[in-house]
Structures are given as C-alpha cells and as structure tokens.
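Visitor: If it helps, the file is called run.txt and holds compact mmCIF, C-alpha atoms:
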# COMPACT_ATOMS: atom_id res chain seq x y z
CA MET A 1 98.98 147.98 76.59
CA ARG A 2 95.69 149.05 75.04
CA ASN A 3 93.60 148.27 71.94
CA PHE A 4 91.35 150.59 69.99
CA GLU A 5 89.78 151.00 66.54
CA THR A 6 89.85 154.01 64.21
CA ARG A 7 88.36 154.77 60.80
CA TYR A 8 90.34 156.35 57.98
CA VAL A 9 89.50 157.29 54.42
CA HIS A 10 91.64 155.34 51.96
CA LYS A 11 93.07 157.25 49.00
CA ASP A 12 90.50 155.49 46.76
CA GLY A 13 87.72 157.14 48.81
CA GLN A 14 86.62 154.03 50.73
CA ALA A 15 86.34 154.06 54.54
CA VAL A 16 88.79 151.65 56.18
CA THR A 17 88.75 150.43 59.80
CA LEU A 18 92.06 149.76 61.55
CA THR A 19 92.50 148.09 64.91
CA TRP A 20 95.51 149.31 66.88
CA MET A 21 97.59 147.83 69.64
CA GLY A 22 99.67 150.37 71.54
CA THR A 23 102.26 149.81 74.22
CA TRP A 24 104.92 151.80 76.10
CA SER A 25 108.53 150.58 75.98
CA GLU A 26 110.42 151.70 79.08
CA PRO A 27 113.96 150.81 77.84
CA VAL A 28 113.72 153.16 74.83
CA ARG A 29 111.12 155.51 76.38
CA ARG A 30 108.75 155.32 73.38
CA HIS A 31 105.22 154.30 72.46
CA PHE A 32 104.89 151.61 69.79
CA PHE A 33 101.71 151.07 67.76
CA VAL A 34 100.77 148.26 65.39
CA GLY A 35 97.73 148.76 63.12
CA ARG A 36 95.80 145.99 61.36
CA ASP A 37 93.38 146.51 58.46
CA LEU A 38 90.01 144.92 59.32
CA THR A 39 88.47 145.23 55.82
CA GLU A 40 88.76 141.51 54.97
CA LYS A 41 87.73 140.42 58.47
CA HIS A 42 84.62 142.60 58.32
CA ALA A 43 83.77 141.29 54.83
CA ALA A 44 84.01 137.69 56.04
CA GLU A 45 81.89 138.47 59.11
CA ALA A 46 79.29 140.18 56.88
CA GLN A 47 79.06 137.01 54.77
CA ILE A 48 78.45 134.90 57.87
CA ARG A 49 75.83 137.36 59.18
CA GLN A 50 74.06 137.32 55.80
CA ALA A 51 73.98 133.51 55.78
CA GLN A 52 72.65 133.45 59.35
CA LYS A 53 70.02 136.08 58.50
CA MET A 54 68.81 134.14 55.46
CA GLU A 55 68.65 130.94 57.52
CA ALA A 56 66.61 132.68 60.25
CA ILE A 57 64.23 134.26 57.72
CA GLY A 58 63.89 130.88 56.04
CA GLN A 59 62.85 129.20 59.28
CA LEU A 60 60.37 131.99 60.02
CA THR A 61 58.78 132.00 56.55
CA GLY A 62 58.66 128.19 56.51
CA GLY A 63 56.72 128.17 59.79
CA ILE A 64 54.33 130.88 58.61
CA ALA A 65 53.74 129.10 55.29
CA HIS A 66 53.04 125.80 57.06
CA ASP A 67 50.43 127.37 59.36
CA PHE A 68 48.95 129.38 56.50
CA ASN A 69 48.59 126.19 54.45
CA ASN A 70 46.55 124.63 57.27
CA ILE A 71 44.20 127.63 57.22
CA LEU A 72 43.90 127.50 53.41
CA THR A 73 43.09 123.79 53.56
CA VAL A 74 39.97 124.64 55.58
CA VAL A 75 39.04 127.52 53.25
CA THR A 76 39.48 125.57 50.00
CA GLY A 77 37.80 122.50 51.47
CA THR A 78 34.66 124.36 52.55
CA VAL A 79 34.22 126.87 49.73
CA GLY A 80 33.20 124.02 47.39
CA ILE A 81 30.49 122.97 49.82
CA LEU A 82 29.35 126.60 50.06
CA ALA A 83 29.24 126.96 46.26
CA ASP A 84 27.06 123.86 45.94
CA ALA A 85 24.68 125.14 48.65
CA VAL A 86 24.10 128.46 46.86
CA ALA A 87 24.08 127.12 43.30
CA ASP A 88 20.62 128.64 42.69
CA GLN A 89 21.71 132.14 43.80
CA PRO A 90 24.01 133.67 41.12
CA GLU A 91 25.20 136.59 43.28
CA LEU A 92 26.35 134.17 46.03
CA VAL A 93 27.95 131.83 43.47
CA ALA A 94 30.06 134.79 42.29
CA ILE A 95 31.15 135.51 45.89
CA ALA A 96 32.07 131.85 46.43
CA LYS A 97 34.14 131.95 43.24
CA MET A 98 36.00 135.07 44.50
CA ILE A 99 36.81 133.25 47.77
CA ASP A 100 38.08 130.23 45.80
CA GLU A 101 40.31 132.42 43.58
CA ALA A 102 41.70 134.26 46.63
CA ALA A 103 42.49 130.92 48.26
CA ASP A 104 44.34 129.81 45.09
CA ARG A 105 46.43 133.00 45.21
CA GLY A 106 47.19 132.30 48.87
CA ALA A 107 48.28 128.77 47.95
CA ASP A 108 50.67 130.18 45.33
CA LEU A 109 52.09 132.54 47.96
CA THR A 110 52.78 129.67 50.36
CA LYS A 111 54.53 127.74 47.56
CA HIS A 112 56.90 130.68 47.10
CA LEU A 113 57.50 130.95 50.83
CA LEU A 114 58.16 127.22 51.16
CA ALA A 115 60.56 127.40 48.21
CA PHE A 116 62.53 130.18 49.91
CA ALA A 117 62.49 128.29 53.22
CA ARG A 118 63.78 125.17 51.38
CA LYS A 119 60.84 123.12 52.65
CA GLN A 120 59.01 122.41 49.42
CA PRO A 121 58.85 118.75 48.35
CA LEU A 122 61.36 118.22 45.53
CA GLN A 123 61.63 115.30 43.11
CA PRO A 124 65.21 115.53 41.80
CA ARG A 125 66.27 113.41 38.85
CA GLU A 126 68.83 113.51 36.05
CA VAL A 127 67.93 116.43 33.80
CA ASP A 128 69.28 117.58 30.41
CA VAL A 129 69.54 121.32 31.18
CA ASN A 130 69.92 122.28 27.51
CA SER A 131 66.60 120.69 26.57
CA LEU A 132 64.91 122.24 29.58
CA VAL A 133 66.22 125.73 28.75
CA LEU A 134 65.10 125.41 25.12
CA GLU A 135 61.60 124.40 26.29
CA ALA A 136 61.53 127.48 28.52
CA VAL A 137 62.58 129.67 25.58
CA LYS A 138 59.66 128.32 23.51
CA LEU A 139 57.25 129.34 26.27
CA LEU A 140 58.84 132.76 26.65
CA ARG A 141 58.96 133.90 22.99
CA PRO A 142 55.23 134.75 22.73
CA THR A 143 55.16 136.06 26.32
CA LEU A 144 58.05 138.53 26.19
CA GLY A 145 57.15 140.21 22.92
CA GLU A 146 59.13 141.14 19.83
CA GLN A 147 60.99 143.99 21.53
CA ILE A 148 63.07 141.50 23.53
CA GLN A 149 65.59 139.41 21.61
CA ILE A 150 66.14 135.94 23.14
CA ALA A 151 69.53 134.31 22.58
CA PRO A 152 70.09 130.73 23.82
CA LEU A 153 73.85 130.05 23.86
CA LEU A 154 74.13 126.51 25.14
CA SER A 155 77.23 124.39 25.65
CA GLU A 156 77.18 121.36 23.33
CA ASN A 157 78.63 119.09 26.02
CA ALA A 158 76.71 120.40 29.04
CA TRP A 159 76.43 117.77 31.77
CA THR A 160 73.12 116.58 33.13
CA ALA A 161 72.11 118.02 36.51
CA LEU A 162 70.50 116.37 39.53
CA VAL A 163 67.47 118.62 40.05
CA ASP A 164 63.67 118.78 40.10
CA PRO A 165 62.84 119.68 36.45
CA SER A 166 59.51 121.41 37.11
CA GLN A 167 61.00 123.62 39.83
CA LEU A 168 64.01 124.43 37.62
CA SER A 169 61.65 125.45 34.80
CA THR A 170 59.77 127.72 37.20
CA ALA A 171 63.05 129.26 38.41
CA ILE A 172 64.23 129.97 34.83
CA LEU A 173 60.86 131.54 33.94
CA ASN A 174 61.03 133.69 37.10
CA LEU A 175 64.49 134.96 36.16
CA ALA A 176 63.36 135.64 32.59
CA LEU A 177 60.28 137.61 33.71
CA ASN A 178 62.44 139.66 36.08
CA ALA A 179 64.73 140.40 33.14
CA ARG A 180 61.74 141.44 31.01
CA ASP A 181 60.60 143.88 33.70
CA ALA A 182 64.09 145.41 33.71
CA MET A 183 63.85 146.04 29.92
CA PRO A 184 60.57 147.96 29.39
CA ALA A 185 61.89 149.46 26.15
CA GLY A 186 63.25 146.15 24.89
CA GLY A 187 66.69 144.56 24.93
CA LYS A 188 68.50 141.23 24.83
CA LEU A 189 67.89 138.19 27.05
CA VAL A 190 70.69 135.60 27.01
CA PHE A 191 70.48 132.02 28.29
CA GLU A 192 73.75 130.15 28.68
CA THR A 193 74.81 126.76 29.97
CA ASN A 194 78.29 125.49 30.78
CA ASN A 195 80.22 122.96 32.84
CA VAL A 196 82.01 124.52 35.81
CA TYR A 197 84.32 123.26 38.53
CA LEU A 198 84.07 125.33 41.71
CA ASP A 199 87.41 124.79 43.43
CA GLU A 200 88.44 124.89 47.09
CA GLY A 201 89.52 128.53 46.80
CA TYR A 202 86.08 129.63 45.60
CA ALA A 203 84.39 127.45 48.23
CA SER A 204 86.51 129.08 50.96
CA MET A 205 85.01 132.47 50.02
CA HIS A 206 81.43 131.13 49.96
CA ASN A 207 80.87 129.01 53.05
CA GLU A 208 77.72 127.35 51.62
CA VAL A 209 79.59 125.98 48.56
CA THR A 210 81.08 122.48 48.34
CA ALA A 211 83.96 122.23 45.87
CA GLY A 212 83.17 120.10 42.83
CA ASN A 213 81.50 119.81 39.41
CA TYR A 214 78.41 121.89 38.65
CA VAL A 215 76.23 122.65 35.66
CA MET A 216 75.94 126.43 35.26
CA ILE A 217 72.81 128.10 33.88
CA ALA A 218 73.14 131.85 33.33
CA VAL A 219 70.29 134.27 32.57
CA GLY A 220 71.54 137.70 31.50
CA ASP A 221 69.78 140.87 30.35
CA THR A 222 70.69 144.32 29.05
CA GLY A 223 68.21 146.09 31.31
CA SER A 224 68.32 148.77 33.97
CA GLY A 225 70.48 146.79 36.42
CA ILE A 226 70.30 146.72 40.21
CA PRO A 227 71.79 149.47 42.46
CA ALA A 228 74.87 148.30 44.35
CA LYS A 229 73.20 149.05 47.71
CA ASP A 230 70.38 146.61 46.88
CA LEU A 231 72.46 143.67 45.62
CA GLU A 232 72.83 142.09 49.07
CA ARG A 233 69.05 142.18 49.62
CA VAL A 234 67.71 140.91 46.29
CA PHE A 235 67.16 137.37 47.62
CA ASP A 236 65.28 138.53 50.73
CA PRO A 237 61.55 137.63 50.60
CA PHE A 238 59.24 140.56 49.80
CA PHE A 239 62.17 142.82 48.82
CA THR A 240 61.68 144.37 45.40
CA THR A 241 63.08 147.31 43.47
CA LYS A 242 59.94 147.49 41.33
CA GLU A 243 57.18 150.05 41.79
CA ILE A 244 54.35 149.31 44.23
CA GLY A 245 51.95 146.84 42.68
CA LYS A 246 54.48 145.68 40.04
CA GLY A 247 55.91 142.72 41.96
CA THR A 248 55.64 140.64 45.13
CA GLY A 249 59.36 140.43 45.87
CA LEU A 250 59.14 136.63 46.01
CA GLY A 251 60.52 135.66 42.58
CA LEU A 252 64.25 135.79 43.36
CA SER A 253 63.79 134.54 46.93
CA MET A 254 61.98 131.48 45.55
CA VAL A 255 64.82 130.82 43.08
CA PHE A 256 67.36 131.27 45.90
CA GLY A 257 65.57 128.76 48.16
CA PHE A 258 65.12 126.20 45.37
CA VAL A 259 68.80 126.36 44.39
CA LYS A 260 69.95 126.00 48.01
CA GLN A 261 67.57 123.10 48.61
CA SER A 262 69.01 121.45 45.48
CA ASN A 263 72.53 121.72 47.02
CA GLY A 264 73.45 124.31 44.42
CA HIS A 265 74.82 127.85 44.41
CA ILE A 266 73.50 131.13 43.00
CA LYS A 267 75.40 134.33 42.19
CA ILE A 268 74.14 137.64 40.83
CA TYR A 269 76.14 140.29 38.96
CA SER A 270 74.62 143.63 38.07
CA GLU A 271 75.51 147.18 37.12
CA GLU A 272 73.07 150.06 36.87
CA SER A 273 72.15 151.05 33.30
CA HIS A 274 73.95 148.01 31.86
CA GLY A 275 72.11 144.90 32.97
CA THR A 276 72.11 141.86 35.21
CA THR A 277 73.37 138.27 34.99
CA VAL A 278 72.20 135.56 37.41
CA LYS A 279 74.25 132.37 37.50
CA VAL A 280 72.74 129.18 38.91
CA TYR A 281 75.09 126.27 39.70
CA LEU A 282 73.45 122.84 40.06
CA PRO A 283 75.23 119.61 41.10
CA ARG A 284 76.31 117.37 38.24
CA ALA A 285 74.08 114.29 38.08
CA THR A 286 77.02 111.87 38.38
CA GLY A 287 78.37 113.65 41.47
CA LEU A 288 80.70 116.49 42.38
CA ASP A 289 83.93 114.47 41.97
CA GLN A 290 86.22 115.19 39.04
CA THR A 291 86.83 112.58 36.35
CA MET A 292 90.38 111.26 35.82
CA GLU A 293 90.70 113.39 32.66
CA GLU A 294 89.73 116.52 34.63
CA VAL A 295 92.19 115.67 37.40
CA MET A 296 94.96 115.28 34.81
CA GLU A 297 94.01 118.56 33.13
CA SER A 298 93.93 120.51 36.41
CA SER A 299 97.34 119.10 37.40
CA GLN A 300 99.00 120.47 34.25
CA ILE A 301 99.80 123.91 35.64
CA ILE A 302 102.55 126.06 34.14
CA GLY A 303 103.65 129.23 35.94
CA GLY A 304 106.24 131.93 35.24
CA HIS A 305 108.29 134.75 36.71
CA GLU A 306 106.79 137.85 35.04
CA VAL A 307 105.20 140.80 36.86
CA VAL A 308 101.38 140.86 36.97
CA LEU A 309 99.34 143.90 38.01
CA VAL A 310 96.05 142.69 39.56
CA VAL A 311 93.14 145.19 39.54
CA GLU A 312 90.12 144.03 41.58
CA ASP A 313 87.79 146.17 43.75
CA ASP A 314 86.68 143.33 46.08
CA ALA A 315 89.36 143.04 48.81
CA LEU A 316 88.58 139.38 49.57
CA VAL A 317 88.70 138.35 45.91
CA ARG A 318 91.84 140.42 45.33
CA LYS A 319 93.67 138.65 48.14
CA TYR A 320 92.61 135.25 46.79
CA VAL A 321 93.70 136.09 43.22
CA VAL A 322 97.05 137.53 44.30
CA THR A 323 97.75 134.41 46.39
CA GLN A 324 96.91 132.16 43.45
CA ILE A 325 99.08 134.11 40.99
CA GLU A 326 102.03 134.28 43.38
CA SER A 327 101.77 130.51 43.96
CA LEU A 328 102.41 130.15 40.21
CA GLY A 329 105.74 131.94 40.62
CA TYR A 330 104.76 135.39 39.33
CA VAL A 331 105.52 138.71 41.03
CA THR A 332 102.32 140.66 41.73
CA LEU A 333 101.33 144.29 42.12
CA GLN A 334 97.78 145.13 43.15
CA ALA A 335 95.23 147.93 42.91
CA SER A 336 91.59 148.26 43.95
CA ASN A 337 90.52 150.54 41.10
CA ALA A 338 91.63 152.11 37.83
CA ALA A 339 93.08 155.24 39.46
CA GLU A 340 95.41 153.20 41.68
CA ALA A 341 96.36 151.01 38.73
CA LEU A 342 97.27 154.03 36.58
CA ASP A 343 99.49 155.36 39.38
CA ILE A 344 101.42 152.09 39.29
CA ILE A 345 101.47 151.98 35.48
CA GLY A 346 102.76 155.57 35.40
CA SER A 347 105.69 154.67 37.68
CA ALA A 348 108.99 153.13 36.60
CA THR A 349 107.94 149.69 37.91
CA ALA A 350 108.28 146.83 35.43
CA ILE A 351 104.90 145.26 34.49
CA ASP A 352 104.36 142.44 31.99
CA LEU A 353 100.61 141.80 32.33
CA LEU A 354 97.55 143.77 33.39
CA PHE A 355 94.97 141.39 34.92
CA THR A 356 91.85 143.48 35.47
CA ASP A 357 88.19 143.05 36.31
CA VAL A 358 85.94 144.51 33.60
CA ILE A 359 83.37 146.05 35.93
CA MET A 360 84.78 148.40 38.57
CA PRO A 361 83.50 151.34 40.61
CA GLY A 362 84.61 154.82 39.60
CA HIS A 363 84.81 156.69 36.32
CA MET A 364 86.79 154.06 34.43
CA ASN A 365 86.01 150.40 33.77
CA GLY A 366 88.50 147.66 32.98
CA ARG A 367 88.43 148.12 29.22
CA GLN A 368 89.02 151.88 29.51
CA LEU A 369 91.86 151.18 31.95
CA ALA A 370 93.44 148.75 29.47
CA ASP A 371 93.16 151.33 26.67
CA GLU A 372 94.96 153.97 28.75
CA ALA A 373 97.52 151.42 29.97
CA SER A 374 98.39 150.38 26.40
CA ARG A 375 98.73 154.05 25.44
CA GLN A 376 101.30 154.55 28.23
CA ARG A 377 102.93 151.15 27.80
CA PRO A 378 102.30 149.79 24.26
CA SER A 379 103.95 146.44 25.02
CA LEU A 380 101.80 145.74 28.09
CA LYS A 381 99.58 142.65 27.68
CA THR A 382 96.03 142.52 29.12
CA LEU A 383 93.89 139.71 30.50
CA TYR A 384 90.31 140.56 31.56
CA THR A 385 88.21 138.80 34.17
CA SER A 386 84.54 139.14 35.07
CA GLY A 387 81.64 137.45 36.82
CA TYR A 388 79.54 138.12 33.72
CA THR A 389 79.57 135.41 31.06
CA GLU A 390 81.56 135.90 27.87
CA ASN A 391 78.42 136.76 25.89
CA ALA A 392 76.93 139.09 28.52
CA ILE A 393 80.18 141.04 28.84
CA VAL A 394 79.55 142.62 25.43
CA HIS A 395 77.17 144.99 27.22
CA HIS A 396 79.47 145.68 30.18
CA GLY A 397 82.53 147.42 28.82
CA ARG A 398 82.34 146.22 25.19
CA LEU A 399 85.59 144.28 24.90
CA ASP A 400 87.47 144.36 21.61
CA THR A 401 87.13 141.33 19.35
CA GLY A 402 89.71 138.75 20.36
CA ALA A 403 90.25 140.21 23.84
CA LEU A 404 91.14 137.54 26.40
CA LEU A 405 88.52 137.04 29.12
CA LEU A 406 88.72 134.67 32.10
CA THR A 407 85.18 134.21 33.46
CA LYS A 408 84.68 133.94 37.23
CA PRO A 409 84.76 131.60 38.99
CA TYR A 410 87.81 129.86 37.57
CA ARG A 411 90.15 127.17 38.82
CA LYS A 412 93.90 127.58 39.25
CA ALA A 413 94.65 125.60 36.08
CA ASP A 414 92.45 127.96 34.00
CA LEU A 415 94.15 130.99 35.56
CA ALA A 416 97.61 129.60 34.82
CA ARG A 417 96.68 128.71 31.21
CA MET A 418 95.14 132.12 30.45
CA ILE A 419 98.06 134.06 31.96
CA ARG A 420 100.51 132.13 29.76
CA LYS A 421 98.26 132.69 26.74
CA ALA A 422 98.01 136.43 27.47
CA LEU A 423 101.79 136.69 27.84
CA GLY A 424 102.22 134.96 24.49
CA GLY A 425 103.54 131.71 25.95
Could I get this file's structure written as structure tokens?

Guide:
Amino acid sequence: MRNFETRYVHKDGQAVTLTWMGTWSEPVRRHFFVGRDLTEKHAAEAQIRQAQKMEAIGQLTGGIAHDFNNILTVVTGTVGILADAVADQPELVAIAKMIDEAADRGADLTKHLLAFARKQPLQPREVDVNSLVLEAVKLLRPTLGEQIQIAPLLSENAWTALVDPSQLSTAILNLALNARDAMPAGGKLVFETNNVYLDEGYASMHNEVTAGNYVMIAVGDTGSGIPAKDLERVFDPFFTTKEIGKGTGLGLSMVFGFVKQSNGHIKIYSEESHGTTVKVYLPRATGLDQTMEEVMESSQIIGGHEVVLVVEDDALVRKYVVTQIESLGYVTLQASNAAEALDIIGSATAIDLLFTDVIMPGHMNGRQLADEASRQRPSLKTLYTSGYTENAIVHHGRLDTGALLLTKPYRKADLARMIRKALGG
C-alpha cells in the first residue's frame, strides 16, 4: 500500500489537490485506488496558519512597542528640559520642537502597534452604538468633502455593546478614512448597525468566534475595492495597497487588534472596481446568551422537500450551507460558479429554488446567473445571499427591487424562513 498526492485542474479552472491511497489485491489481480479531495482540509489548515501568524506578529509588535515606549519616555521627558535650557536661542528652540513633534508621532505609532497586539489598556462599558456612529458621522462630514455621500442606516432597536467607546470611535474613523482613500473621485459611504446572532455553524468556520449575540457595525464604500490576492493580508501591520507615502498600513491592523481585544469579530468583503464592506461584531452588553424570545424564534424551523441548487464559490461555506439545507429536509444540488450552475440548470434535473451568492468569480455574478436561469426556467425561484449588507449590495450586482436577500452570516432559522418565503410558502 502506498500514499501520494497529485494536483489536477478542476473543470472550473481551479487547481485541486487529491491524496491517493493505492493497494494491490492479489485475489482479483488488480490495483485499487481511492482519491480524497483535500480542498476543504487545506482551507481549514490555512485558517489555522493565518490565526497563528497573526498571533505571532501580535506578540512581536507588542514587545517592540513596549520597548519603544520606554525609549520615547526618555526622549519626551528630556526634550522639555532641553527646550527650557535653550529658551533664549530661537534656532535651538525650533530644533527642540521638532524633536518633541517626532516623539509624539512615535507615540502614536506605538499606540497603533499596541492596538494590533491587543495590549492597549481598554475601558469597556455599555455603549449605544447608534449614538456613537452618528457622532462619528458629524465629525466626518466636513472632513470627507461634498464628493462623498454619507448614509447612516441604523437599526432602531440596536443593542448596546460592551466596548471602549473612544477606541470604537477611532476604529470607525479609521475605516471611514480608508473608504475615502478608495474613492478619490467621490462615492457613497454607508454606516449600518444591526443585531446579529453568530451561531455554532458560523463559529465552527471561524475558530476565534464564540457563538452568541453581537452588535454589528458595517462600514461600506463604493470605491476601488481590494484585489482578491490582498484580502488575506489587509490586517497585517504595515501592509497597504496605497501608494508609497499615502498610508502607514496600520489603520486596519489597529482596528483588527482592538476588535479582537474586545472579544469581537471582524470580517471584510471586497470586490475590485465595486467597493468594500467591513463588518465589526461586538459582544452585546448583556452577554452573548439568547433571550427566551430569541430561543423560541430560533426553534420555529420549517423545512420542506423541494430541490435547491446552491451556488457558492467558497468550498468550506458551500459544504456548511448544503449541510444546513439538507438538514431541513430539502434535496440539494451544488455548484461553485455560474458556469457549473448553468450546466445543471440546462439539464433535465428538477430544480425548485436557486440559492446563489451575489458576488462570484468569473464572468457572471449571481444576479446575471439568476437572469439567465429564469430565461431557461421561468418558474424557477431565486434567493440571493451575500456577505455585503442589504444596502451595500446595490453596488455589487444591482439586485432588482423586491429581490430576496439573505445576508451572511445567518442562523438556521433565518435560512429556513427565507427558503420558505422564496418558494412562496
């Protein structure tokens, strides 16, 4: 018996690694081979490596920032004495002032590094996120200029969050300024708040997440977007997609560290030429547990027996979604992109519902897929899903008015309810 790995190109153009076990059977005089797709295993391992890398970088930057702070303490403490000693020499006073300003900039840098390393002192308390976002919007209106339209779309019943208000304000301003830089010719900046329950299924795909109630703050823009190859690195300190001299690369890493230190979760969605949405999830002030009403609501799950075609490019997410839908009693078909989905739609297979992500790689997005699907099968119902918020999605596929959208992440009860609604039940 022997084991080996090989790489193949899937029909959708993606490289796939298979691990094979081969053995010789003497009774029938044949070789037998069993192949196993390692795509999901590799994706899970990549998540773990990324978490370990961020933890290691955090420890390193925290140590550097601590030592650098000690050095700055000496500089800032002595430059005042120096300035007093040369008060009668204007040219030396100017030099002392330059040293003082440089030390202040160094202090700001260490604050960012400590935020990323999750070692800054926080003072969490119960915070009304809607009020805090509106205060941030007031500060931003004169800063961003008339070419950027600001739209606060806040949930009326948003929970309070357990968080340090000053650090949250700084994080929101950082995200807004990043959005401004991505829209040099102008655009739309959307702030949203909502109450979200991150369930066990979502937590299983993000090992740093604890299932429970969170307050979600989303900052979305219609700017240039982030290349797919850079998305995994955007939270690394000193990484930036801006031109040299246009940014330090510490803004997003500071937000990342602050959110993690606050026991929250952060997720970024972006597509080149369309824009970016950053979602921040902060623990509900009264705790992560569900209320009795929420428990009752999530227990009222109605399934069915129809056929659902699931279109999702992320293999890990696709497996999770298919498992959830099948647990509701439905029959599922699955595709990783629009081309695969159209092959299935063009066959004689019975399909009752198309459940598709809006943003997908390739030449066709979810809305275009749904248009072609309804042309081939006029009676086929469609339910969209996306990591972008309902308001941000207008710029990412331009859904028709009244189109049904299930925003990620969602709990099983929401999935069940929206499927029944899409099917007309």

Visitor: Please work out which residues fall within 12 Å of (101.7, 133.3, 44.1), coordinates as given in the file, with only C-alpha atoms counting, and return them as a compact mmCIF listing (two decimals) with C-alpha atoms, in the frame of the given file.

Guide:
# COMPACT_ATOMS: atom_id res chain seq x y z
CA GLY A 303 103.65 129.23 35.94
CA GLY A 304 106.24 131.93 35.24
CA HIS A 305 108.29 134.75 36.71
CA GLU A 306 106.79 137.85 35.04
CA VAL A 307 105.20 140.80 36.86
CA VAL A 308 101.38 140.86 36.97
CA VAL A 310 96.05 142.69 39.56
CA LYS A 319 93.67 138.65 48.14
CA TYR A 320 92.61 135.25 46.79
CA VAL A 321 93.70 136.09 43.22
CA VAL A 322 97.05 137.53 44.30
CA THR A 323 97.75 134.41 46.39
CA GLN A 324 96.91 132.16 43.45
CA ILE A 325 99.08 134.11 40.99
CA GLU A 326 102.03 134.28 43.38
CA SER A 327 101.77 130.51 43.96
CA LEU A 328 102.41 130.15 40.21
CA GLY A 329 105.74 131.94 40.62
CA TYR A 330 104.76 135.39 39.33
CA VAL A 331 105.52 138.71 41.03
CA THR A 332 102.32 140.66 41.73
CA LEU A 333 101.33 144.29 42.12
CA LYS A 412 93.90 127.58 39.25
CA LEU A 415 94.15 130.99 35.56
CA ALA A 416 97.61 129.60 34.82

Visitor: For range 196-205 of chain A, list every protein, DNA or RNA residue within 9 Å, evaluated using all atoms listed in the file, and leave out those in the same chain fewer than 2 positions away; present the list as a PDB file with C-alpha atoms, keeping the file's coordinate frame.

Guide:
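Wrote it out as out-v1.pdb, contents follow:
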ATOM      1  CA  ALA A  44      84.010 137.690  56.040  1.00  0.00           C
ATOM      2  CA  GLN A  47      79.060 137.010  54.770  1.00  0.00           C
ATOM      3  CA  ASN A 194      78.290 125.490  30.780  1.00  0.00           C
ATOM      4  CA  ASN A 207      80.870 129.010  53.050  1.00  0.00           C
ATOM      5  CA  GLU A 208      77.720 127.350  51.620  1.00  0.00           C
ATOM      6  CA  VAL A 209      79.590 125.980  48.560  1.00  0.00           C
ATOM      7  CA  THR A 210      81.080 122.480  48.340  1.00  0.00           C
ATOM      8  CA  ALA A 211      83.960 122.230  45.870  1.00  0.00           C
ATOM      9  CA  GLY A 212      83.170 120.100  42.830  1.00  0.00           C
ATOM     10  CA  ASN A 213      81.500 119.810  39.410  1.00  0.00           C
ATOM     11  CA  TYR A 214      78.410 121.890  38.650  1.00  0.00           C
ATOM     12  CA  VAL A 215      76.230 122.650  35.660  1.00  0.00           C
ATOM     13  CA  MET A 216      75.940 126.430  35.260  1.00  0.00           C
ATOM     14  CA  TYR A 281      75.090 126.270  39.700  1.00  0.00           C
ATOM     15  CA  LEU A 288      80.700 116.490  42.380  1.00  0.00           C
ATOM     16  CA  GLN A 290      86.220 115.190  39.040  1.00  0.00           C
ATOM     17  CA  LEU A 316      88.580 139.380  49.570  1.00  0.00           C
ATOM     18  CA  VAL A 317      88.700 138.350  45.910  1.00  0.00           C
ATOM     19  CA  TYR A 320      92.610 135.250  46.790  1.00  0.00           C
ATOM     20  CA  GLN A 324      96.910 132.160  43.450  1.00  0.00           C
ATOM     21  CA  PRO A 409      84.760 131.600  38.990  1.00  0.00           C
ATOM     22  CA  TYR A 410      87.810 129.860  37.570  1.00  0.00           C
ATOM     23  CA  ARG A 411      90.150 127.170  38.820  1.00  0.00           C
ATOM     24  CA  LYS A 412      93.900 127.580  39.250  1.00  0.00           C
TER      25      LYS A 412
END

Visitor: CA of Leu144 in chain A to CA of Arg180 in chain A: how many Å, to one decimal?

Guide: 6.7 Å

Visitor: Of the residues A:Ala315, A:Met360, A:Leu189, A:Ile419, which is the one nearest to Val16 in chain A, using all atoms listed in the file?

Guide: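 Using all atoms listed in the file, the shortest distance to Val16 in chain A belongs to A:Ala315.
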
Visitor: Excluding Leu354 in chain A and residues on its chain fewer than 2 positions from it, collect all residues at most 7 Å away from it, counting all atoms listed in the file, and give them as a PyMOL selection string.

Guide: chain A and resi 308-310+356+381-383

Visitor: Output C-alpha atoms of each residue in that selection to a file, as a PDB file, keeping the file's coordinate frame.

Guide:
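The new file part-v1.pdb reads:
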ATOM      1  CA  VAL A 308     101.380 140.860  36.970  1.00  0.00           C
ATOM      2  CA  LEU A 309      99.340 143.900  38.010  1.00  0.00           C
ATOM      3  CA  VAL A 310      96.050 142.690  39.560  1.00  0.00           C
ATOM      4  CA  THR A 356      91.850 143.480  35.470  1.00  0.00           C
ATOM      5  CA  LYS A 381      99.580 142.650  27.680  1.00  0.00           C
ATOM      6  CA  THR A 382      96.030 142.520  29.120  1.00  0.00           C
ATOM      7  CA  LEU A 383      93.890 139.710  30.500  1.00  0.00           C
TER       8      LEU A 383
END

Visitor: Between CA of Ala176 in chain A and CA of Tyr269 in chain A, what is the spacing in Å?

Guide: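 Separation between CA of Tyr269 in chain A and CA of Ala176 in chain A: 15.0 Å.
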
Visitor: Which residues come within 6 Å of Ser386 in chain A, counting only C-alpha atoms, excluding same-chain residues fewer than 3 positions away, as a ChimeraX atom specification?

Guide: /A:357-358,407-408

Visitor: Select all residues near (72.1, 146.4, 31.9) (cut-off 8 Å, inclusive, file coordinates), counting only C-alpha atoms, and output them as number ranges by chain.

Guide: A: 221-225, 270-276, 395-396

Visitor: Within 9 Å of Leu140 in chain A, counting all atoms listed in the file, which residues qualify if same-chain residues fewer than 2 places away don't, as a count of residues only?

Guide: 12

Visitor: Restricting the calculation to only C-alpha atoms: of A:Thr193, A:Ser347, A:Thr389, A:Asn130, which residue gets closest to Gln376 in chain A?

Guide: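 Using only C-alpha atoms, Gln376 in chain A sits closest to A:Ser347.
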
Visitor: Mind pulling up the distance from CA of Thr277 in chain A to CA of Arg125 in chain A?

Guide: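 Pair CA of Arg125 in chain A / CA of Thr277 in chain A returns 26.1 Å.
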
Visitor: Between A:Glu91, A:Asp230, A:Asp371, A:Glu312, which one has atoms that come closest to Gly387 in chain A, using all atoms listed in the file?

Guide: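 Under the stated criterion, the closest residue is A:Glu312.
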